[in-house]
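Participant: One structure, pasted below without further comment.
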Amino acid sequence: MCKMAELTAKQKKEWAKTLFLKENLTIIEIADRVGTTRQTVSRWIKDGKWETLKTSLTLTREEQIAMLYRQVAEINKSISERADGERFASSKEADILGKLASAINKMESDVGIKDICEVGTKFIEWLRPVDLDKAKDIAAIYDAFIKDSLR
């Protein structure tokens with residue numbers, strides 16, 4: 001097996017932040033997975049105000065996309081309720097619809113490190129009660145995959 005190159009401090013910090021925000025891990029577990037000290041992770045949490053950020057992350061990507069779709073539906077409903085011959089978008093509405101469509105497309109197609117971590121976490125949590133040893137092995141492999149994805 002080839003040896004992986006070390007992550008930069010910035011990459012470790014980004015990964016630690018993702019783990020902190022998305023997984024219910026202790027500071028020690030985050031430090032172990034990222035390859036840094038507990039004190040460093042604690043400092044990152046404090047300096048970056050990650051606790052505040054964690055509580056403010058109430059909307060998931062799916063909820064945000066659903067909200068955008070509701071806005072599109074609302075504009076389309078307004079247009080359809082107009083009199084015959086006037087059921088078309090104004091230039092302002094067309095502009096808004098275009099921007100909403102673009103935002104929806106971007107959100108549905110973008111896959112970031114957050115998404116990669118989320119999928120892996122869900123799978124490992126599902127596997128844990130089925131086969132704990134395999135879940136531990138896969139968690140280690142998935143961590144290596146995330147490290148590689150950060151480069």
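Residues in the structure tokens are named by chain (A, B, ... in the order shown) and by number from 1 within that chain; ligands are numbered from 1 in the order shown.
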Neighbouring residues of A:Asp148 were defined as those with any atom within 12 Å, considering only C-alpha atoms; residues of the same chain fewer than 4 positions away were excluded. Please report them as an mmCIF file with N, CA and C atoms, in the first residue's frame.
Facilitator:
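To be explicit, this is the file written out as selection.cif:
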```
data_model
loop_
_atom_site.group_PDB
_atom_site.id
_atom_site.type_symbol
_atom_site.label_atom_id
_atom_site.label_comp_id
_atom_site.auth_asym_id
_atom_site.auth_seq_id
_atom_site.Cartn_x
_atom_site.Cartn_y
_atom_site.Cartn_z
ATOM 1 N N LYS A 3 2.112 5.039 0.712
ATOM 2 C CA LYS A 3 1.968 5.948 1.837
ATOM 3 C C LYS A 3 1.379 7.262 1.340
ATOM 4 N N MET A 4 0.360 7.746 2.044
ATOM 5 C CA MET A 4 -0.283 8.994 1.649
ATOM 6 C C MET A 4 0.542 10.184 2.119
ATOM 7 N N ALA A 5 0.551 11.220 1.333
ATOM 8 C CA ALA A 5 1.230 12.447 1.718
ATOM 9 C C ALA A 5 0.467 13.083 2.874
ATOM 10 N N GLU A 6 1.183 13.805 3.710
ATOM 11 C CA GLU A 6 0.575 14.482 4.841
ATOM 12 C C GLU A 6 -0.338 15.604 4.383
ATOM 13 N N LEU A 7 -1.400 15.809 5.132
ATOM 14 C CA LEU A 7 -2.295 16.924 4.850
ATOM 15 C C LEU A 7 -1.678 18.212 5.377
ATOM 16 N N THR A 8 -2.004 19.311 4.731
ATOM 17 C CA THR A 8 -1.553 20.608 5.234
ATOM 18 C C THR A 8 -2.392 20.961 6.456
ATOM 19 N N GLN A 11 -5.865 21.920 5.401
ATOM 20 C CA GLN A 11 -6.704 20.775 5.049
ATOM 21 C C GLN A 11 -7.188 20.053 6.306
ATOM 22 N N LYS A 12 -6.294 19.909 7.288
ATOM 23 C CA LYS A 12 -6.675 19.271 8.547
ATOM 24 C C LYS A 12 -7.768 20.076 9.244
ATOM 25 N N TRP A 15 -11.089 19.613 7.428
ATOM 26 C CA TRP A 15 -11.636 18.292 7.717
ATOM 27 C C TRP A 15 -12.178 18.238 9.144
ATOM 28 N N ILE A 113 -16.899 18.427 0.132
ATOM 29 C CA ILE A 113 -16.355 17.550 1.171
ATOM 30 C C ILE A 113 -17.417 17.272 2.232
ATOM 31 N N ILE A 116 -19.505 14.446 0.963
ATOM 32 C CA ILE A 116 -18.734 13.200 0.999
ATOM 33 C C ILE A 116 -18.731 12.648 2.423
ATOM 34 N N ILE A 141 -10.788 3.467 6.316
ATOM 35 C CA ILE A 141 -10.607 3.588 4.862
ATOM 36 C C ILE A 141 -11.271 4.867 4.357
ATOM 37 N N TYR A 142 -12.456 5.159 4.873
ATOM 38 C CA TYR A 142 -13.175 6.362 4.443
ATOM 39 C C TYR A 142 -12.417 7.627 4.854
ATOM 40 N N ASP A 143 -11.812 7.596 6.029
ATOM 41 C CA ASP A 143 -10.980 8.732 6.452
ATOM 42 C C ASP A 143 -9.842 8.963 5.460
ATOM 43 N N ALA A 144 -9.227 7.878 5.008
ATOM 44 C CA ALA A 144 -8.152 8.002 4.014
ATOM 45 C C ALA A 144 -8.695 8.583 2.711
#
```
Participant: Give me every helix (DSSP H, G or I) residue in chain A, going by DSSP on the backbone, as a ChimeraX atom specification.
Facilitator: /A:9-22,27-34,38-47,50-56,61-80,91-109,113-127,132-149
Participant: Do you have the atom CA of A:Arg61-atom CA of A:Asp115 distance handy?
Facilitator: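 Straight-line distance from atom CA of A:Arg61 to atom CA of A:Asp115 works out to 9.5 Å.
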Participant: Name the residues in contact with stretch 38-49 of chain A at a cut-off of 8 Å, using only C-alpha atoms, excluding same-chain residues fewer than 3 positions from it; report them as a list in words.
Facilitator: Lys13, Ala16, Lys17, Ile27, Ile28, Ile30, Ala31, Thr52 and Leu53 of chain A
Participant: So, counting only C-alpha atoms, which residue among A:Thr36, A:Tyr69, A:Lys147, A:Glu23 is closest to A:Asn105?
Facilitator: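 The answer is A:Tyr69, which sits nearest to A:Asn105.
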Participant: So, with only C-alpha atoms as the atoms that count, which of A:Ile65, A:Ile124, A:Cys117, A:Val130 lies closest to A:Ala101?
Facilitator: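 So, comparing all the options, the nearest one is A:Ile65.
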Participant: For A:Ala140, which of A:Thr26, A:Gln64, A:Thr121, A:Ser102 is the closest residue, counting only C-alpha atoms?
Facilitator: A:Thr121
Participant: For A:Lys22, which residue out of A:Gly35, A:Gly98, A:Gly120, A:Gly85 is the nearest one, using only C-alpha atoms?
Facilitator: A:Gly120
Participant: Between A:Glu51, A:Ser91, A:Ile138, A:Leu100, which has the minimum distance to A:Glu74 (counting only C-alpha atoms)?
Facilitator: A:Leu100
Participant: From the set A:Met107, A:Leu68, A:Ala9, A:Leu25, which residue has the shortest atom-to-atom contact distance to A:Leu150, counting only C-alpha atoms?
Facilitator: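 Distance minimum relative to A:Leu150 lands on A:Ala9.
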